[in-house]
file data_26.txt (compact mmCIF, C-alpha atoms and all ligand atoms)
# COMPACT_ATOMS: atom_id res chain seq x y z
CA MET A 20 7.47 -15.48 -0.19
CA VAL A 21 4.55 -14.50 -2.44
CA ALA A 22 5.65 -12.92 -5.71
CA LYS A 23 4.23 -9.44 -6.20
CA ASN A 24 2.19 -8.86 -9.32
CA ILE A 25 4.31 -6.15 -10.96
CA PRO A 26 2.61 -4.66 -14.04
CA ALA A 27 4.67 -5.06 -17.21
CA LEU A 28 6.21 -1.88 -18.56
CA ALA A 29 4.77 -0.57 -21.81
CA PRO A 30 6.57 -1.55 -25.00
CA VAL A 31 8.48 1.22 -26.77
CA VAL A 32 8.30 1.12 -30.55
CA ALA A 33 10.80 3.17 -32.52
CA VAL A 34 9.48 3.64 -36.04
CA LEU A 35 12.82 3.70 -37.75
CA ASN A 36 14.55 3.49 -41.07
CA MET A 37 17.54 5.59 -42.03
CA LYS A 38 16.01 5.75 -45.47
CA GLY A 39 13.74 8.76 -45.90
CA GLY A 40 10.16 8.82 -47.13
CA VAL A 41 9.36 5.17 -46.40
CA GLY A 42 6.29 5.90 -44.25
CA LYS A 43 7.62 6.26 -40.69
CA THR A 44 5.46 9.29 -39.99
CA ALA A 45 2.37 7.97 -41.79
CA ILE A 46 2.54 4.78 -39.70
CA SER A 47 3.26 6.65 -36.43
CA ALA A 48 0.17 8.78 -37.02
CA HIS A 49 -2.45 6.75 -38.81
CA VAL A 50 -1.70 3.17 -37.75
CA MET A 51 -1.13 4.14 -34.11
CA ARG A 52 -4.37 6.14 -34.08
CA VAL A 53 -6.27 3.00 -35.08
CA LEU A 54 -4.28 0.78 -32.71
CA TYR A 55 -5.12 3.06 -29.76
CA LEU A 56 -8.83 2.90 -30.55
CA LYS A 57 -9.12 -0.78 -31.51
CA LEU A 58 -7.06 -2.03 -28.58
CA LEU A 59 -8.11 0.77 -26.19
CA LYS A 60 -4.55 1.59 -25.18
CA ARG A 61 -3.02 4.61 -23.51
CA THR A 62 -0.73 5.47 -26.40
CA LEU A 63 2.02 8.08 -26.43
CA LEU A 64 3.43 9.37 -29.71
CA ILE A 65 6.79 11.13 -29.60
CA ASP A 66 7.72 13.29 -32.59
CA PHE A 67 11.48 12.79 -32.64
CA ASP A 68 12.29 14.43 -35.95
CA PRO A 69 13.43 18.08 -36.30
CA GLN A 70 11.21 18.26 -39.40
CA PHE A 71 8.25 17.47 -37.04
CA ASN A 72 6.06 16.08 -39.84
CA LEU A 73 4.09 13.95 -37.36
CA THR A 74 3.04 17.04 -35.40
CA GLN A 75 2.20 18.92 -38.60
CA THR A 76 0.11 15.98 -39.78
CA VAL A 77 -2.21 16.01 -36.76
CA VAL A 78 -1.95 19.44 -35.08
CA HIS A 79 -3.10 22.73 -36.68
CA GLN A 80 -0.39 25.33 -37.09
CA ALA A 81 -2.03 27.87 -34.74
CA THR A 82 -2.34 25.21 -32.03
CA TYR A 83 1.28 24.23 -32.54
CA GLU A 84 2.41 27.83 -32.14
CA ASN A 85 0.67 27.96 -28.76
CA LEU A 86 2.19 24.65 -27.71
CA LYS A 87 5.58 26.00 -28.63
CA LYS A 88 5.02 29.17 -26.57
CA GLU A 89 4.26 26.88 -23.61
CA ASN A 90 7.48 24.95 -24.35
CA ARG A 91 5.30 21.87 -24.70
CA THR A 92 7.58 20.07 -27.16
CA ILE A 93 10.20 17.33 -27.29
CA LEU A 94 12.93 19.94 -26.84
CA SER A 95 11.86 20.48 -23.20
CA VAL A 96 12.28 16.74 -22.70
CA MET A 97 15.89 16.92 -23.82
CA GLU A 98 16.86 20.16 -22.05
CA PRO A 99 14.94 22.64 -19.89
CA ALA A 100 13.27 25.61 -21.59
CA PRO A 101 13.96 28.27 -22.65
CA GLN A 102 16.59 27.18 -25.12
CA THR A 103 18.92 30.05 -25.84
CA SER A 104 21.20 28.69 -28.55
CA LEU A 105 21.28 26.04 -31.23
CA PHE A 106 24.95 25.43 -30.48
CA THR A 107 25.24 24.96 -26.72
CA ILE A 108 24.07 22.21 -24.40
CA THR A 109 22.70 22.95 -20.91
CA THR A 110 24.97 21.65 -18.18
CA ASN A 111 23.87 20.16 -14.82
CA LEU A 112 20.58 18.88 -16.21
CA ALA A 113 17.73 18.31 -13.76
CA PRO A 114 15.46 15.25 -14.16
CA PRO A 115 13.04 15.39 -17.15
CA PRO A 116 9.66 17.15 -16.86
CA PRO A 117 6.45 15.21 -16.16
CA LEU A 118 4.70 13.83 -19.24
CA ALA A 119 1.65 16.08 -18.71
CA ASP A 120 3.82 19.21 -18.99
CA VAL A 121 5.25 18.40 -22.41
CA SER A 122 2.46 16.49 -24.13
CA VAL A 123 -0.93 17.25 -25.61
CA LEU A 124 -4.02 15.05 -25.51
CA LEU A 125 -5.16 14.27 -29.06
CA LYS A 126 -7.92 11.70 -28.53
CA LYS A 127 -9.70 10.21 -25.57
CA VAL A 128 -12.20 7.37 -25.17
CA LYS A 129 -15.13 8.29 -22.91
CA ASN A 130 -15.29 6.41 -19.61
CA ASN A 131 -12.11 4.52 -20.45
CA PRO A 132 -8.44 5.19 -19.66
CA ALA A 133 -7.56 4.84 -23.36
CA GLU A 134 -6.09 8.00 -24.83
CA LEU A 135 -3.80 9.16 -27.61
CA ARG A 136 -1.19 11.68 -26.53
CA LEU A 137 1.59 13.48 -28.43
CA VAL A 138 4.89 15.02 -27.40
CA PRO A 139 5.08 17.57 -30.24
CA GLY A 140 8.18 17.89 -32.37
CA ASP A 141 10.52 20.85 -32.52
CA PHE A 142 12.92 22.16 -35.13
CA GLY A 143 15.30 22.93 -32.25
CA LEU A 144 16.18 19.20 -32.19
CA VAL A 145 18.42 19.99 -35.13
CA LYS A 146 21.05 21.12 -32.63
CA TYR A 147 21.74 17.46 -31.82
CA SER A 148 22.77 16.88 -35.42
CA LEU A 149 25.03 19.94 -35.30
CA ILE A 150 26.83 19.26 -32.02
CA ASP A 151 29.21 16.36 -32.34
CA ASP A 152 30.39 15.89 -28.78
CA ALA A 153 29.24 12.59 -27.27
CA ASN A 154 30.32 13.62 -23.76
CA SER A 155 28.27 16.79 -23.52
CA LEU A 156 25.29 15.01 -25.13
CA LYS A 157 25.35 12.08 -22.70
CA PRO A 158 23.30 13.84 -19.97
CA VAL A 159 20.76 14.84 -22.64
CA LYS A 160 20.42 11.21 -23.71
CA ASN A 161 20.06 10.13 -20.08
CA ARG A 162 17.29 12.69 -19.57
CA PHE A 163 15.41 11.34 -22.61
CA VAL A 164 15.93 7.75 -21.42
CA THR A 165 14.51 8.63 -17.97
CA PHE A 166 11.57 10.44 -19.56
CA VAL A 167 10.64 7.40 -21.63
CA ALA A 168 11.16 5.05 -18.67
CA ASN A 169 8.69 7.19 -16.65
CA ALA A 170 6.21 7.21 -19.54
CA ARG A 171 6.33 3.41 -19.73
CA ALA A 172 4.89 3.23 -16.24
CA THR A 173 1.76 5.30 -17.03
CA MET A 174 1.11 4.48 -20.70
CA ASP A 175 0.42 1.15 -22.46
CA LEU A 176 2.50 1.95 -25.54
CA VAL A 177 5.14 4.50 -26.49
CA CYS A 178 5.76 5.11 -30.20
CA ILE A 179 8.71 7.21 -31.39
CA ASP A 180 8.65 8.66 -34.91
CA CYS A 181 12.37 8.81 -35.71
CA ASN A 182 14.23 11.01 -38.15
CA PRO A 183 15.84 9.46 -41.21
CA SER A 184 19.51 9.51 -40.24
CA SER A 185 21.98 7.71 -38.04
CA SER A 186 22.16 10.64 -35.64
CA PHE A 187 22.31 11.20 -31.89
CA MET A 188 18.50 11.04 -31.90
CA THR A 189 18.59 7.59 -33.51
CA LEU A 190 20.94 6.42 -30.75
CA CYS A 191 18.57 7.81 -28.10
CA ALA A 192 15.61 6.01 -29.70
CA LEU A 193 17.53 2.74 -30.02
CA GLU A 194 18.52 2.88 -26.38
CA VAL A 195 14.89 2.95 -25.20
CA ALA A 196 13.23 0.84 -27.90
CA THR A 197 11.92 -2.63 -27.13
CA HIS A 198 10.83 -2.95 -30.78
CA LEU A 199 11.79 -1.39 -34.09
CA LEU A 200 8.99 -0.95 -36.57
CA ILE A 201 10.78 -0.64 -39.89
CA PRO A 202 8.73 0.49 -42.88
CA VAL A 203 10.12 -0.45 -46.28
CA ARG A 204 8.92 0.36 -49.75
CA PRO A 205 8.91 -2.55 -52.21
CA ASP A 206 11.90 -1.23 -54.15
CA ARG A 207 15.24 -2.77 -55.01
CA PHE A 208 17.17 -0.76 -52.38
CA SER A 209 15.04 -1.76 -49.41
CA ILE A 210 16.81 -5.06 -48.65
CA LEU A 211 20.18 -3.31 -48.61
CA GLY A 212 18.73 -0.68 -46.27
CA LEU A 213 17.58 -3.46 -43.92
CA GLU A 214 21.04 -5.07 -43.98
CA LEU A 215 22.63 -1.72 -43.05
CA LEU A 216 20.15 -1.04 -40.25
CA ASP A 217 20.56 -4.57 -38.91
CA ALA A 218 24.36 -4.23 -38.91
CA PHE A 219 24.12 -0.83 -37.22
CA VAL A 220 21.89 -2.18 -34.44
CA SER A 221 23.97 -5.36 -33.95
CA ASP A 222 27.26 -3.45 -33.76
CA LEU A 223 26.15 -0.73 -31.36
CA PRO A 224 28.29 -1.31 -28.29
CA THR A 225 26.11 0.80 -25.96
CA LEU A 226 22.92 -1.17 -26.55
CA LYS A 227 22.01 -3.34 -23.55
CA GLN A 228 18.95 -4.94 -25.11
CA LYS A 229 18.60 -5.43 -28.84
CA PRO A 230 15.13 -4.33 -29.91
CA LYS A 231 12.97 -6.82 -31.78
CA GLN A 232 12.67 -5.90 -35.45
CA LEU A 233 9.29 -5.78 -37.18
CA ILE A 234 9.39 -4.96 -40.87
CA VAL A 235 6.29 -3.57 -42.55
CA LEU A 236 5.89 -3.29 -46.30
CA ASN A 237 4.42 0.10 -47.13
CA GLY A 238 2.95 1.70 -50.21
CA ILE A 239 1.92 -1.52 -51.96
CA PRO A 240 -0.19 -0.71 -55.02
CA ARG A 241 -3.64 -2.34 -55.13
CA SER A 242 -3.26 -3.11 -58.82
CA ASN A 243 -0.45 -3.76 -61.32
CA TYR A 244 1.82 -4.79 -58.48
CA ASN A 245 5.08 -6.56 -59.18
CA PRO A 246 5.78 -8.65 -56.04
CA ALA A 247 9.44 -9.43 -56.92
CA VAL A 248 10.94 -7.44 -54.00
CA GLU A 249 8.30 -8.65 -51.55
CA ASN A 250 9.04 -12.25 -52.55
CA ILE A 251 12.77 -11.74 -51.93
CA LEU A 252 12.02 -10.17 -48.56
CA ARG A 253 9.60 -12.88 -47.43
CA SER A 254 12.01 -15.66 -48.37
CA HIS A 255 15.05 -13.88 -46.88
CA PRO A 256 16.76 -16.06 -44.20
CA LYS A 257 16.92 -13.20 -41.67
CA PHE A 258 14.23 -10.73 -42.66
CA GLY A 259 11.50 -13.12 -43.86
CA THR A 260 10.24 -14.03 -40.38
CA ARG A 261 10.55 -10.42 -39.20
CA THR A 262 8.26 -9.14 -41.94
CA LEU A 263 4.65 -8.60 -40.89
CA SER A 264 2.16 -10.49 -43.00
CA THR A 265 -0.08 -7.41 -43.43
CA PRO A 266 1.30 -4.76 -45.80
CA LEU A 267 0.12 -1.16 -45.80
CA TYR A 268 -1.38 -0.47 -49.20
CA HIS A 269 -0.87 2.72 -51.14
CA SER A 270 -3.81 5.03 -50.56
CA SER A 271 -4.49 8.65 -51.45
CA LEU A 272 -5.99 8.98 -47.95
CA LEU A 273 -2.57 8.26 -46.43
CA ALA A 274 -0.72 10.66 -48.70
CA ALA A 275 0.14 13.94 -46.94
CA ASN A 276 -2.48 16.52 -47.85
CA PRO A 277 -1.73 20.20 -47.22
CA SER A 278 -5.42 21.04 -46.95
CA TYR A 279 -6.21 18.46 -44.24
CA THR A 280 -4.83 18.28 -40.72
CA GLY A 281 -5.79 15.18 -38.79
CA PHE A 282 -5.81 11.41 -38.89
CA ALA A 283 -6.51 9.73 -42.23
CA THR A 284 -9.16 7.41 -40.86
CA ASP A 285 -11.15 10.33 -39.39
CA LYS A 286 -11.60 11.89 -42.83
CA LEU A 287 -15.00 11.18 -44.28
CA VAL A 288 -14.32 10.04 -47.85
CA PRO A 289 -16.00 7.20 -49.78
CA HIS A 290 -13.02 4.80 -49.84
CA ARG A 291 -12.24 5.30 -46.14
CA LEU A 292 -13.54 1.90 -45.07
CA ARG A 293 -11.18 -0.04 -47.33
CA VAL A 294 -8.18 1.89 -45.96
CA THR A 295 -9.40 1.62 -42.36
CA SER A 296 -9.85 -2.12 -42.71
CA ASN A 297 -6.25 -2.50 -43.98
CA ILE A 298 -4.90 -0.33 -41.14
CA GLU A 299 -6.97 -2.21 -38.55
CA THR A 300 -5.57 -5.56 -39.66
CA LEU A 301 -2.03 -4.15 -39.53
CA ALA A 302 -2.63 -2.51 -36.13
CA MET A 303 -3.94 -5.79 -34.68
CA GLU A 304 -0.90 -7.66 -36.00
CA ILE A 305 1.43 -5.05 -34.49
CA GLY A 306 -0.46 -5.21 -31.18
CA LYS A 307 0.00 -8.97 -31.10
CA GLU A 308 3.73 -8.70 -31.82
CA LEU A 309 4.06 -6.14 -29.02
CA GLY A 310 2.16 -8.38 -26.63
CA ILE A 311 -0.50 -5.75 -25.89
CA SER A 312 -3.53 -7.25 -27.62
CA SER A 313 -5.78 -9.51 -25.61
N1 LIG B 401 0.66 3.87 -47.73
C1 LIG B 401 0.79 5.09 -48.25
N2 LIG B 401 -0.05 5.51 -49.24
C2 LIG B 401 0.06 6.74 -49.78
N3 LIG B 401 0.97 7.65 -49.40
C3 LIG B 401 1.82 7.30 -48.41
C4 LIG B 401 1.78 6.03 -47.77
N4 LIG B 401 2.75 5.98 -46.83
C5 LIG B 401 3.36 7.18 -46.86
N5 LIG B 401 2.81 7.98 -47.81
C6 LIG B 401 3.24 9.33 -48.19
O1 LIG B 401 4.61 9.28 -48.59
C7 LIG B 401 5.30 10.42 -48.11
C8 LIG B 401 6.43 9.97 -47.19
O2 LIG B 401 5.85 9.32 -46.07
P1 LIG B 401 6.30 9.66 -44.59
O3 LIG B 401 6.44 11.14 -44.40
O4 LIG B 401 5.41 8.95 -43.66
O5 LIG B 401 7.75 8.99 -44.62
P2 LIG B 401 8.91 9.12 -43.55
O6 LIG B 401 9.63 7.82 -43.57
O7 LIG B 401 8.35 9.58 -42.25
O8 LIG B 401 9.79 10.28 -44.19
P3 LIG B 401 11.04 11.03 -43.49
O9 LIG B 401 12.17 10.07 -43.63
O10 LIG B 401 11.20 12.28 -44.30
O11 LIG B 401 10.66 11.29 -42.07
C9 LIG B 401 4.28 11.30 -47.42
O12 LIG B 401 3.77 12.24 -48.33
C10 LIG B 401 3.20 10.31 -47.02
O13 LIG B 401 1.96 10.92 -46.84
MG MG B 402 8.91 11.26 -41.06
call {"tool": "encode", "arguments": {"input": "data_26.txt", "output": "structure tokens"}}
result
Amino acid sequence: MVAKNIPALAPVVAVLNMKGGVGKTAISAHVMRVLYLKLLKRTLLIDFDPQFNLTQTVVHQATYENLKKENRTILSVMEPAPQTSLFTITTNLAPPPPLADVSVLLKKVKNNPAELRLVPGDFGLVKYSLIDDANSLKPVKNRFVTFVANARATMDLVCIDCNPSSSFMTLCALEVATHLLIPVRPDRFSILGLELLDAFVSDLPTLKQKPKQLIVLNGIPRSNYNPAVENILRSHPKFGTRTLSTPLYHSSLLAANPSYTGFATDKLVPHRLRVTSNIETLAMEIGKELGISS
């Protein structure tokens, strides 16, 4: 019998760290934007944080309000719209909606399938931190899992910007992730945070496949840098080999700016090339680790 050439499913990267403010959203937006363009990949971003910072980073508020009116957000992935209450879960859930109904096209390469798409975030996700009943949430998780499984067949990469807690949403993301991209700041608490995350992932009884961990150092100063924490991390018996060789440097272009909505590398400022070059090197390394770069 001749083996059929079945296309590989897209990798699913959960950008995750229970620690807040380490750069999950900055990496989901700005590094993935460069990865999509450099590697020409059909890339899906999922804003999986009730604070929806990823969406606010790249989508203007007026546009977001329209998307919300159309129920084009992550909440419609979890449960059908309209959502009536923050405290009840829909029963007898139907299969998830098609990707086109709940996502928005952000970027597209002419005459090429490559595109960057976003499932916008929604504050309504907060209900899954308020309701603490694993049984009633199980169908919601299954709907999310099916949605991501469907997306893997039509996209080249799925990237989930997670919220900074060990919540139901984290469990959903872990269930679908093939890889964890874990940003860490070079501070003395980061190694402990990695130990805790590693223990959490290893001990999860529901996890069929353990996602591969990729650690990325973020916010490294270009000058006056004390590499003590980085040295500990790179020589760590478990985390050393999981740490990407390219760090993401601190840059004012990557810092959230209330007067600019969009991707950092699209902003025309004099020092853009230095930042873009750093992000490109990181994006290429990530692409290689994910097995999607040629
Ligand atoms: N390399 C960097 N250079 C400069 N600023 C950065 C960099 N990375 C992140 N930031 C800024 O640090 C802040 C926190 O980053 P970000 O929102 O990406 O973290 P997060 O892990 O997603 O946070 P949360 O846990 O709240 O979701 C933001 O203002 C962001 O713009
Ligand atoms: Mg965030």
call {"tool": "residues_around", "arguments": {"input": "data_26.txt", "residues": "Lys286 of chain A", "least_positions_apart": "4", "cutoff": "12 Å", "atoms": "only C-alpha atoms", "output": "VMD selection string"}}
result
chain A and resid 49 77 271 to 273 276 278 to 282 290 to 292 294 to 295
call {"tool": "write_last_selection", "arguments": {"input": "data_26.txt", "atoms": "C-alpha atoms", "output": "CSV table (one decimal), in the coordinates of the input"}}
result
chain,number,residue,atom,x,y,z
A,49,HIS,CA,-2.4,6.8,-38.8
A,77,VAL,CA,-2.2,16.0,-36.8
A,271,SER,CA,-4.5,8.6,-51.4
A,272,LEU,CA,-6.0,9.0,-48.0
A,273,LEU,CA,-2.6,8.3,-46.4
A,276,ASN,CA,-2.5,16.5,-47.8
A,278,SER,CA,-5.4,21.0,-47.0
A,279,TYR,CA,-6.2,18.5,-44.2
A,280,THR,CA,-4.8,18.3,-40.7
A,281,GLY,CA,-5.8,15.2,-38.8
A,282,PHE,CA,-5.8,11.4,-38.9
A,290,HIS,CA,-13.0,4.8,-49.8
A,291,ARG,CA,-12.2,5.3,-46.1
A,292,LEU,CA,-13.5,1.9,-45.1
A,294,VAL,CA,-8.2,1.9,-46.0
A,295,THR,CA,-9.4,1.6,-42.4
call {"tool": "residues_near_ligand", "arguments": {"input": "data_26.txt", "ligand": "ligand MG 402 (chain B)", "cutoff": "6 Å", "atoms": "all atoms listed in the file", "output": "list in words"}}
result
Lys43, Thr44 and Asn72 of chain A
call {"tool": "closest_residue", "arguments": {"input": "data_26.txt", "among": "A:Gly259, A:Pro114, A:Asp141, A:Phe67", "to": "Lys88 of chain A", "atoms": "only C-alpha atoms"}}
result
A:Asp141
call {"tool": "closest_atom_pairs", "arguments": {"input": "data_26.txt", "of": "segment 121-168 of chain A", "to": "segment 180-199 of chain A", "cutoff": "7 Å", "atoms": "only C-alpha atoms", "output": "JSON lines"}}
result
{"residue": "A:Tyr147", "atom": "CA", "partner": "A:Phe187", "partner_atom": "CA", "distance": 6.3}
{"residue": "A:Ser148", "atom": "CA", "partner": "A:Ser186", "partner_atom": "CA", "distance": 6.3}
{"residue": "A:Lys160", "atom": "CA", "partner": "A:Cys191", "partner_atom": "CA", "distance": 5.9}
{"residue": "A:Val164", "atom": "CA", "partner": "A:Val195", "partner_atom": "CA", "distance": 6.2}
call {"tool": "residues_near_ligand", "arguments": {"input": "data_26.txt", "ligand": "ligand LIG 401 (chain B)", "cutoff": "10 Å", "atoms": "all atoms listed in the file", "output": "VMD selection string"}}
result
chain A and resid 34 to 49 67 to 73 76 180 to 184 201 to 204 236 to 240 266 to 277 283 294 298
call {"tool": "residues_around", "arguments": {"input": "data_26.txt", "residues": "segment 307-313 of chain A", "least_positions_apart": "4", "cutoff": "9 Å", "atoms": "all atoms listed in the file", "output": "count of residues only"}}
result
13
call {"tool": "atom_distance", "arguments": {"input": "data_26.txt", "atom1": "atom CA of Leu215 of chain A", "atom2": "atom CA of Phe258 of chain A"}}
result
12.3 Å
call {"tool": "closest_residue", "arguments": {"input": "data_26.txt", "among": "A:Asn297, A:Asn245, A:Asn90, A:Asn250", "to": "Thr265 of chain A", "atoms": "only C-alpha atoms"}}
result
A:Asn297
call {"tool": "atom_distance", "arguments": {"input": "data_26.txt", "atom1": "atom CA of Leu28 of chain A", "atom2": "atom CA of Val177 of chain A"}}
result
10.2 Å
call {"tool": "closest_atom_pairs", "arguments": {"input": "data_26.txt", "of": "segment 68-88 of chain A", "to": "segment 120-138 of chain A", "cutoff": "9 Å", "atoms": "all atoms listed in the file", "output": "Markdown table"}}
result
| residue | atom | partner | partner_atom | distance |
| --- | --- | --- | --- | --- |
| A:Thr74 | CA | A:Leu137 | CA | 8.0 |
| A:Val77 | CA | A:Leu125 | CA | 8.4 |
| A:Val78 | CA | A:Leu125 | CA | 8.6 |
| A:Leu86 | CA | A:Val123 | CA | 8.3 |
call {"tool": "closest_residue", "arguments": {"input": "data_26.txt", "among": "A:Gly212, A:Val248, A:Leu118, A:Asn85", "to": "Val167 of chain A", "atoms": "all atoms listed in the file"}}
result
A:Leu118
call {"tool": "axis_aligned_box", "arguments": {"input": "data_26.txt", "around": "segment 30-45 of chain A", "padding_each_side": "5 Å", "output": "AutoDock Vina command-line options"}}
result
--center_x 10.0 --center_y 3.9 --center_z -36.1 --size_x 25.2 --size_y 20.8 --size_z 32.1
call {"tool": "residues_around", "arguments": {"input": "data_26.txt", "residues": "segment 152-155 of chain A", "least_positions_apart": "6", "cutoff": "9 Å", "atoms": "only C-alpha atoms", "output": "list in words"}}
result
Ile108, Thr109, Thr110 and Phe187 of chain A
call {"tool": "write_last_selection", "arguments": {"input": "data_26.txt", "atoms": "C-alpha atoms", "output": "PDB file, in the frame of the given file"}}
result
ATOM      1  CA  ILE A 108      24.070  22.210 -24.400  1.00  0.00           C
ATOM      2  CA  THR A 109      22.700  22.950 -20.910  1.00  0.00           C
ATOM      3  CA  THR A 110      24.970  21.650 -18.180  1.00  0.00           C
ATOM      4  CA  PHE A 187      22.310  11.200 -31.890  1.00  0.00           C
TER       5      PHE A 187
END
call {"tool": "atom_distance", "arguments": {"input": "data_26.txt", "atom1": "atom CA of Ser95 of chain A", "atom2": "atom CA of Val220 of chain A"}}
result
27.2 Å
call {"tool": "closest_residue", "arguments": {"input": "data_26.txt", "among": "A:Leu216, A:Gln80, A:Leu156, A:Cys178", "to": "Asp66 of chain A", "atoms": "all atoms listed in the file"}}
result
A:Cys178
call {"tool": "closest_residue", "arguments": {"input": "data_26.txt", "among": "A:Met97, A:Ala172, A:Leu263, A:His255", "to": "Leu301 of chain A", "atoms": "all atoms listed in the file"}}
result
A:Leu263
call {"tool": "closest_residue", "arguments": {"input": "data_26.txt", "among": "A:Thr260, A:Gln228, A:Gln102, A:Asn169", "to": "Leu63 of chain A", "atoms": "all atoms listed in the file"}}
result
A:Asn169
call {"tool": "residues_around", "arguments": {"input": "data_26.txt", "residues": "Thr107 of chain A", "least_positions_apart": "3", "cutoff": "9 Å", "atoms": "all atoms listed in the file", "output": "PDB file with C-alpha atoms, keeping the file's coordinate frame"}}
result
ATOM      1  CA  THR A 103      18.920  30.050 -25.840  1.00  0.00           C
ATOM      2  CA  SER A 104      21.200  28.690 -28.550  1.00  0.00           C
ATOM      3  CA  LYS A 146      21.050  21.120 -32.630  1.00  0.00           C
ATOM      4  CA  ILE A 150      26.830  19.260 -32.020  1.00  0.00           C
TER       5      ILE A 150
END
call {"tool": "decode", "arguments": {"input": "data_26.txt", "residues": "segment 32-38 of chain A", "atoms": "all heavy atoms", "output": "short mmCIF file (atom, residue, chain, number, x, y, z; two decimals), in the first residue's frame"}}
result
data_model
loop_
_atom_site.label_atom_id
_atom_site.label_comp_id
_atom_site.auth_asym_id
_atom_site.auth_seq_id
_atom_site.Cartn_x
_atom_site.Cartn_y
_atom_site.Cartn_z
N VAL A 32 1.32 27.37 19.32
CA VAL A 32 2.22 27.94 20.32
C VAL A 32 1.39 28.70 21.36
O VAL A 32 0.70 29.65 21.01
CB VAL A 32 3.19 28.96 19.67
CG1 VAL A 32 4.12 29.55 20.71
CG2 VAL A 32 3.96 28.30 18.58
N ALA A 33 1.46 28.26 22.60
CA ALA A 33 0.83 29.04 23.67
C ALA A 33 1.92 29.92 24.27
O ALA A 33 2.93 29.42 24.77
CB ALA A 33 0.23 28.12 24.72
N VAL A 34 1.73 31.23 24.18
CA VAL A 34 2.69 32.16 24.78
C VAL A 34 2.24 32.33 26.23
O VAL A 34 1.19 32.91 26.51
CB VAL A 34 2.74 33.50 24.03
CG1 VAL A 34 3.86 34.37 24.58
CG2 VAL A 34 2.93 33.27 22.54
N LEU A 35 3.01 31.72 27.12
CA LEU A 35 2.49 31.48 28.46
C LEU A 35 3.53 31.74 29.54
O LEU A 35 4.70 31.39 29.40
CB LEU A 35 2.07 29.99 28.52
CG LEU A 35 1.44 29.48 29.80
CD1 LEU A 35 0.00 29.95 29.91
CD2 LEU A 35 1.45 27.96 29.82
N ASN A 36 3.08 32.38 30.58
CA ASN A 36 3.84 32.47 31.82
C ASN A 36 2.85 32.98 32.84
O ASN A 36 2.15 33.97 32.57
CB ASN A 36 5.04 33.42 31.69
CG ASN A 36 5.98 33.33 32.87
OD1 ASN A 36 5.57 32.98 33.98
ND2 ASN A 36 7.25 33.63 32.64
N MET A 37 2.72 32.29 33.95
CA MET A 37 1.75 32.74 34.94
C MET A 37 2.15 34.10 35.52
O MET A 37 1.35 34.79 36.12
CB MET A 37 1.63 31.73 36.08
CG MET A 37 0.66 30.61 35.77
SD MET A 37 1.36 29.41 34.65
CE MET A 37 0.48 27.96 35.11
N LYS A 38 3.41 34.42 35.34
CA LYS A 38 3.88 35.73 35.81
C LYS A 38 3.38 36.80 34.83
O LYS A 38 3.43 36.61 33.61
CB LYS A 38 5.40 35.71 35.87
CG LYS A 38 6.00 36.85 36.65
CD LYS A 38 7.44 36.49 37.00
CE LYS A 38 8.27 37.71 37.36
NZ LYS A 38 7.68 38.66 38.26
#
